[in-house]
$ cat start_13.txt   # compact mmCIF, C-alpha atoms and all ligand atoms
# COMPACT_ATOMS: atom_id res chain seq x y z
CA MET A 1471 99.73 86.84 99.43
CA ASN A 1472 99.16 86.70 103.20
CA TRP A 1473 95.71 86.59 104.87
CA TYR A 1474 95.45 90.36 105.14
CA GLN A 1475 96.17 90.75 101.41
CA ILE A 1476 93.69 87.98 100.44
CA LYS A 1477 90.90 89.62 102.48
CA ALA A 1478 91.77 93.05 101.06
CA TYR A 1479 91.71 91.63 97.53
CA ILE A 1480 88.26 90.02 97.99
CA LYS A 1481 86.93 93.34 99.30
CA TYR A 1482 88.50 95.12 96.36
CA ARG A 1483 86.90 92.77 93.80
CA ILE A 1484 83.48 93.21 95.40
CA THR A 1485 83.66 97.01 95.31
CA THR A 1486 85.22 97.19 91.85
CA LYS A 1487 83.73 99.48 89.23
CA TYR A 1488 84.84 99.48 85.62
CA ARG A 1489 84.86 103.24 85.24
CA PRO A 1490 83.98 106.27 87.33
CA LEU A 1491 80.80 108.07 86.35
CA ASN A 1492 80.12 111.63 85.24
CA LEU A 1493 83.55 113.14 85.43
CA PRO A 1494 85.17 114.11 82.12
CA PHE A 1495 88.68 114.31 83.58
CA ALA A 1496 88.47 110.80 85.02
CA SER A 1497 86.88 109.40 81.85
CA ASP A 1498 89.67 110.97 79.82
CA LEU A 1499 92.28 109.29 81.99
CA PHE A 1500 90.50 105.98 81.49
CA ASP A 1501 90.35 106.29 77.73
CA LYS A 1502 93.71 107.94 77.08
CA VAL A 1503 95.87 106.38 79.78
CA PHE A 1504 94.47 103.36 81.63
CA CYS A 1505 92.89 101.64 78.62
CA GLU A 1506 95.30 102.91 75.96
CA THR A 1507 97.30 100.17 74.25
CA TYR A 1508 99.63 102.03 71.87
CA PRO A 1509 102.91 100.04 71.79
CA TYR A 1510 105.62 102.67 72.34
CA TYR A 1511 109.10 101.75 71.12
CA THR A 1512 110.45 102.55 74.61
CA PHE A 1513 108.60 99.51 75.94
CA VAL A 1514 110.78 97.28 73.74
CA VAL A 1515 113.93 98.98 75.10
CA ILE A 1516 112.84 98.48 78.73
CA ASP A 1517 111.60 94.92 78.08
CA LYS A 1518 115.05 93.99 76.70
CA LEU A 1519 116.70 95.47 79.78
CA ARG A 1520 114.26 93.62 82.08
CA ASP A 1521 114.96 90.33 80.24
CA ARG A 1522 118.72 90.87 80.55
CA LEU A 1523 118.41 91.56 84.31
CA LEU A 1524 116.13 88.54 84.74
CA LYS A 1525 118.93 86.36 83.37
CA SER A 1526 121.51 87.72 85.80
CA ASN A 1527 122.40 85.57 88.81
CA ASP A 1528 124.99 88.10 90.04
CA LYS A 1529 124.50 88.69 93.74
CA ILE A 1530 124.71 92.01 95.53
CA GLU A 1531 124.66 92.97 99.19
CA VAL A 1532 121.50 94.90 99.97
CA THR A 1533 120.78 97.26 102.85
CA ASP A 1534 117.12 97.17 103.86
CA PHE A 1535 115.85 100.69 104.53
CA GLY A 1536 112.18 99.97 104.18
CA ALA A 1537 109.43 98.07 105.95
CA GLY A 1538 111.26 94.77 105.36
CA SER A 1539 110.59 92.14 102.80
CA LYS A 1540 107.96 89.44 102.89
CA VAL A 1541 109.96 87.37 100.41
CA PHE A 1542 113.64 87.48 101.46
CA SER A 1543 115.30 86.56 104.74
CA ASN A 1544 119.00 87.45 104.29
CA ASN A 1545 120.78 90.42 102.73
CA LYS A 1546 122.37 88.89 99.59
CA ARG A 1547 120.10 89.17 96.57
CA SER A 1548 120.56 88.11 92.99
CA ILE A 1549 119.71 90.70 90.37
CA CYS A 1550 117.03 88.42 88.90
CA HIS A 1551 115.31 88.17 92.29
CA LEU A 1552 115.32 91.95 92.68
CA VAL A 1553 113.61 92.25 89.31
CA LYS A 1554 111.00 89.63 90.19
CA TYR A 1555 110.16 90.89 93.67
CA ASN A 1556 111.14 94.58 93.84
CA ALA A 1557 110.73 96.15 90.43
CA SER A 1558 107.57 97.62 88.96
CA SER A 1559 105.84 95.11 86.71
CA LYS A 1560 105.72 95.66 82.96
CA GLU A 1561 101.99 96.55 83.18
CA GLN A 1562 102.44 99.04 86.01
CA GLY A 1563 105.53 100.54 84.38
CA GLU A 1564 103.73 101.04 81.08
CA LEU A 1565 100.90 102.77 82.92
CA LEU A 1566 103.46 105.11 84.53
CA PHE A 1567 104.86 105.83 81.08
CA ARG A 1568 101.41 106.57 79.61
CA LEU A 1569 100.55 108.85 82.54
CA VAL A 1570 103.73 110.87 82.03
CA ALA A 1571 103.24 110.95 78.26
CA TYR A 1572 99.65 112.20 78.64
CA LEU A 1573 99.88 114.57 81.64
CA LYS A 1574 103.44 115.83 80.96
CA PRO A 1575 104.65 116.39 84.52
CA GLN A 1576 107.94 118.33 84.66
CA ASN A 1577 109.39 117.56 88.09
CA ILE A 1578 109.08 113.91 89.04
CA ILE A 1579 110.23 112.25 92.26
CA GLU A 1580 110.55 108.52 92.76
CA LEU A 1581 110.97 107.13 96.28
CA GLY A 1582 112.74 103.80 95.73
CA THR A 1583 114.88 103.38 92.60
CA SER A 1584 115.71 99.70 92.95
CA LEU A 1585 117.24 98.69 89.59
CA GLY A 1586 115.75 101.71 87.85
CA LEU A 1587 113.04 100.10 85.72
CA GLY A 1588 110.28 102.33 87.15
CA THR A 1589 112.60 105.33 86.81
CA LEU A 1590 113.02 104.63 83.09
CA TYR A 1591 109.25 104.41 82.53
CA LEU A 1592 108.97 107.81 84.23
CA ALA A 1593 111.92 109.44 82.47
CA MET A 1594 111.67 108.19 78.90
CA PRO A 1595 108.35 109.67 77.68
CA ASN A 1596 109.70 113.22 77.91
CA SER A 1597 113.40 114.09 77.92
CA ARG A 1598 112.54 117.60 79.17
CA ALA A 1599 110.96 116.29 82.36
CA HIS A 1600 113.35 115.70 85.24
CA VAL A 1601 113.24 112.61 87.44
CA PHE A 1602 114.81 112.63 90.91
CA THR A 1603 115.06 109.10 92.24
CA ILE A 1604 116.13 108.10 95.76
CA GLU A 1605 117.64 104.75 96.75
CA GLY A 1606 119.02 103.87 100.15
CA CYS A 1607 121.08 100.85 99.12
CA PRO A 1608 124.34 101.91 97.38
CA GLU A 1609 124.88 98.52 95.68
CA ILE A 1610 121.42 98.56 94.11
CA ALA A 1611 121.88 102.20 93.08
CA LYS A 1612 125.10 101.27 91.24
CA VAL A 1613 123.24 98.72 89.10
CA ALA A 1614 120.49 101.28 88.42
CA GLU A 1615 123.09 103.81 87.27
CA GLN A 1616 124.42 101.34 84.71
CA ASN A 1617 120.87 100.72 83.50
CA PHE A 1618 120.28 104.47 83.00
CA ILE A 1619 123.50 104.70 81.00
CA SER A 1620 122.60 101.73 78.82
CA ALA A 1621 119.14 103.21 78.13
CA HIS A 1622 120.70 106.65 77.32
CA ALA A 1623 118.39 108.31 79.83
CA LYS A 1624 119.96 111.67 80.71
CA ASN A 1625 117.11 113.34 82.60
CA ILE A 1626 117.56 111.35 85.82
CA THR A 1627 119.23 112.54 89.03
CA GLN A 1628 120.07 109.72 91.42
CA LEU A 1629 120.22 110.38 95.15
CA ILE A 1630 121.68 107.73 97.41
CA GLY A 1631 120.51 107.79 101.02
CA SER A 1632 117.40 107.41 103.10
CA PHE A 1633 114.14 108.99 101.93
CA LYS A 1634 114.04 110.79 105.27
CA ARG A 1635 117.33 112.53 104.51
CA GLU A 1636 117.11 113.00 100.72
CA LEU A 1637 113.44 113.84 100.12
CA PRO A 1638 113.43 117.18 102.04
CA LYS A 1639 116.58 118.20 100.11
CA ILE A 1640 114.87 117.67 96.74
CA ILE A 1641 111.66 119.32 97.89
CA ASN A 1642 113.61 122.38 99.09
CA ARG A 1643 115.37 122.84 95.77
CA LEU A 1644 112.24 122.56 93.57
CA ASP A 1645 109.58 125.24 93.00
CA LYS A 1646 106.92 122.60 92.50
CA VAL A 1647 106.51 118.85 92.25
CA ASP A 1648 104.26 117.44 89.51
CA LEU A 1649 104.45 113.71 90.11
CA VAL A 1650 105.64 111.57 93.04
CA TYR A 1651 105.94 107.79 92.88
CA PHE A 1652 105.99 106.45 96.46
CA ASP A 1653 107.53 103.03 95.90
CA GLY A 1654 109.44 102.07 99.03
CA HIS A 1655 109.24 102.02 102.84
CA HIS A 1656 105.70 100.75 102.90
CA ASP A 1657 104.48 101.46 106.38
CA TYR A 1658 101.80 103.77 107.67
CA GLN A 1659 103.87 106.41 109.44
CA ALA A 1660 106.61 106.59 106.80
CA THR A 1661 104.05 106.92 103.98
CA MET A 1662 102.17 109.71 105.79
CA ASP A 1663 105.44 111.50 106.58
CA TYR A 1664 106.64 111.43 102.94
CA PHE A 1665 103.18 112.48 101.72
CA ASN A 1666 103.23 115.46 104.10
CA ILE A 1667 106.76 116.45 103.04
CA CYS A 1668 105.72 116.53 99.36
CA LEU A 1669 102.36 118.24 99.88
CA PRO A 1670 103.48 121.89 100.28
CA LYS A 1671 105.27 121.83 96.89
CA SER A 1672 102.64 119.82 95.02
CA ALA A 1673 101.62 121.53 91.78
CA VAL A 1674 98.10 122.12 90.52
CA SER A 1675 96.85 118.68 89.42
CA ALA A 1676 99.92 116.97 90.87
CA ILE A 1677 99.86 113.18 90.66
CA PHE A 1678 100.86 111.05 93.63
CA ILE A 1679 101.19 107.33 92.88
CA LEU A 1680 101.43 105.04 95.89
CA ASP A 1681 102.52 101.46 95.48
CA ASP A 1682 101.35 98.51 97.61
CA ILE A 1683 98.39 100.33 99.13
CA HIS A 1684 96.88 97.03 100.36
CA TRP A 1685 100.16 95.35 101.32
CA SER A 1686 99.38 95.69 105.04
CA GLN A 1687 96.78 97.20 107.34
CA GLY A 1688 99.08 100.17 107.84
CA MET A 1689 99.30 100.84 104.10
CA THR A 1690 95.52 100.58 103.66
CA LYS A 1691 95.14 103.02 106.56
CA ALA A 1692 97.59 105.46 104.95
CA TRP A 1693 95.80 105.23 101.59
CA SER A 1694 92.36 105.70 103.23
CA GLN A 1695 93.58 108.87 104.94
CA ILE A 1696 95.29 110.24 101.85
CA ILE A 1697 92.23 109.92 99.61
CA VAL A 1698 90.06 111.94 101.99
CA HIS A 1699 92.72 114.63 102.47
CA SER A 1700 91.42 118.07 101.44
CA ALA A 1701 94.21 118.41 98.83
CA VAL A 1702 93.19 115.21 97.02
CA SER A 1703 90.49 115.68 94.38
CA VAL A 1704 90.43 112.34 92.59
CA SER A 1705 91.81 108.94 93.51
CA PHE A 1706 91.96 105.61 91.72
CA ASP A 1707 92.49 102.34 93.56
CA PHE A 1708 94.13 99.71 91.33
CA PHE A 1709 94.66 97.38 94.32
CA ASP A 1710 98.41 96.98 93.75
CA PHE A 1711 98.80 100.74 93.68
CA GLY A 1712 96.74 103.91 93.91
CA ILE A 1713 96.78 107.21 92.04
CA ALA A 1714 95.74 110.47 93.70
CA ILE A 1715 95.31 113.76 91.84
CA LEU A 1716 95.89 116.81 94.01
CA ASN A 1717 95.04 120.49 94.05
CA SER A 1718 92.57 120.28 91.24
CA ASP A 1719 89.27 122.11 91.14
CA ILE A 1720 87.46 119.05 89.87
CA GLU A 1721 84.82 117.50 92.05
CA LYS A 1722 86.01 115.00 94.66
CA LEU A 1723 85.84 111.44 93.41
CA GLN A 1724 87.10 108.12 94.67
CA ALA A 1725 87.10 105.29 92.19
CA VAL A 1726 87.98 101.67 92.68
CA VAL A 1727 89.01 100.36 89.30
CA LYS A 1728 89.40 96.93 87.80
CA TRP A 1729 92.30 97.26 85.48
CA MET A 1730 94.56 94.20 85.12
C1 LIG F 1801 109.92 98.41 95.50
S1 LIG F 1801 111.56 98.91 95.30
C2 LIG F 1801 111.42 100.20 94.09
C3 LIG F 1801 111.07 99.71 92.70
C4 LIG F 1801 111.26 100.74 91.63
N1 LIG F 1801 110.57 101.98 91.94
C5 LIG F 1801 110.71 100.21 90.31
O1 LIG F 1801 109.71 100.76 89.84
O2 LIG F 1801 111.27 99.28 89.75
C6 LIG F 1801 111.86 99.86 96.74
C7 LIG F 1801 113.29 100.36 96.88
O3 LIG F 1801 113.28 101.39 97.87
C8 LIG F 1801 114.43 101.29 98.69
N2 LIG F 1801 114.02 101.84 99.99
C9 LIG F 1801 113.02 101.38 100.78
N3 LIG F 1801 112.88 102.17 101.86
C10 LIG F 1801 113.81 103.14 101.75
C11 LIG F 1801 114.15 104.27 102.56
N4 LIG F 1801 113.49 104.54 103.69
N5 LIG F 1801 115.14 105.07 102.15
C12 LIG F 1801 115.82 104.79 101.00
N6 LIG F 1801 115.55 103.75 100.19
C13 LIG F 1801 114.56 102.93 100.57
C14 LIG F 1801 114.75 99.81 98.73
O4 LIG F 1801 116.14 99.62 98.94
C15 LIG F 1801 114.27 99.31 97.36
O5 LIG F 1801 115.33 99.22 96.45
$ encode --input "start_13.txt" --output "structure tokens" --more "lines below"
Ligand SMILES: C[S@@+](CC[C@H](N)C(=O)[O-])C[C@H]1O[C@@H](n2cnc3c(N)ncnc32)[C@H](O)[C@@H]1O
Amino acid sequence: MNWYQIKAYIKYRITTKYRPLNLPFASDLFDKVFCETYPYYTFVVIDKLRDRLLKSNDKIEVTDFGAGSKVFSNNKRSICHLVKYNASSKEQGELLFRLVAYLKPQNIIELGTSLGLGTLYLAMPNSRAHVFTIEGCPEIAKVAEQNFISAHAKNITQLIGSFKRELPKIINRLDKVDLVYFDGHHDYQATMDYFNICLPKSAVSAIFILDDIHWSQGMTKAWSQIIVHSAVSVSFDFFDFGIAILNSDIEKLQAVVKWM
């Protein structure tokens, strides 16, 4: 953690509430998603894949499309390092899975495939949902493709290219978007641009999940603007990531939650 992240974390701990008050929808999400502990079999499948990738010292050439990395300084990465520093954690992934299992979004977009672990948590709860995942680095995308094959996940469409080029294409071909996982290119302007591209097609009660919302001042600024946007009804700040529910008629609520 750098100084900005340490200060942001202290502020987060001070303002933390265990659960939002007086809102049945939010309480339901707490009980049935955030605090649920049912051990789905899929978790075992993804854990095995994660363990296998963590043991791999194979190196691949990566192309950095995002806001840069605070951990790496050259462009060769071992697979195990990508898992440690780029992939969604087990806890965050399982929360994604539970959200999809409970809210049943149909059209899901992931910005940033990396090795595909997050994609699998989004795709595996419901084979009838469709996940579109975008990755700029072709070498990383190749490894993700193998992972989707080994997990027998058939409801994933991979797009290789920049978010800027690929996201509008997906948005144009869909009637509506139910869930977007913004998990790459963590800077203020890029995050606001991708949010605004997704907004016109966002479904009633669409879920936007933004990773690394306190990674930098720019990301905190983007998150602060998104949660007060007129389309956002409810937002949850988990520090490492935030969840915003859009286009819902429920009362506006912002909750800072202590979860992990
Ligand atoms: C944090 S990782 C994604 C982790 C993945 N969602 C998971 O849950 O395991 C971000 C990925 O986004 C890709 N990326 C970042 N910015 C991008 C951009 N502007 N266009 C395309 N890909 C980008 C990076 O190459 C990286 O693999």
$ residues_near_ligand --input "start_13.txt" --ligand "ligand LIG 1801 (chain F)" --cutoff "7 Å" --atoms "only C-alpha atoms and all ligand atoms" --output "count of residues only"
31
$ atom_distance --input "start_13.txt" --atom1 "atom CA of A:Val1570" --atom2 "atom CA of A:Asp1648"
10.0 Å
$ atom_distance --input "start_13.txt" --atom1 "atom CA of A:Leu1565" --atom2 "atom CA of A:Ile1677"
13.0 Å
$ closest_residue --input "start_13.txt" --among "A:Leu1649, A:Ala1621, A:Leu1573, A:Met1689" --to "A:Phe1513" --atoms "all atoms listed in the file"
A:Ala1621
$ residues_near_point --input "start_13.txt" --point "(105.0, 105.2, 97.6)" --cutoff "7 Å" --atoms "only C-alpha atoms" --output "VMD selection string"
chain A and resid 1581 1651 to 1654 1656 1661 1679 to 1681
$ closest_residue --input "start_13.txt" --among "A:Arg1598, A:Asn1617, A:Ala1714, A:Phe1709" --to "A:Val1650" --atoms "only C-alpha atoms"
A:Ala1714
$ axis_aligned_box --input "start_13.txt" --around "stretch 1562-1565 of chain A" --padding-each-side "5 Å" --output "AutoDock Vina command-line options"
--center_x 103.2 --center_y 100.9 --center_z 83.5 --size_x 14.6 --size_y 13.7 --size_z 14.9
$ residues_around --input "start_13.txt" --residues "A:Lys1525" --least-positions-apart "4" --cutoff "10 Å" --atoms "all atoms listed in the file" --output "ChimeraX atom specification"
/A:1520-1521,1548-1551,1553
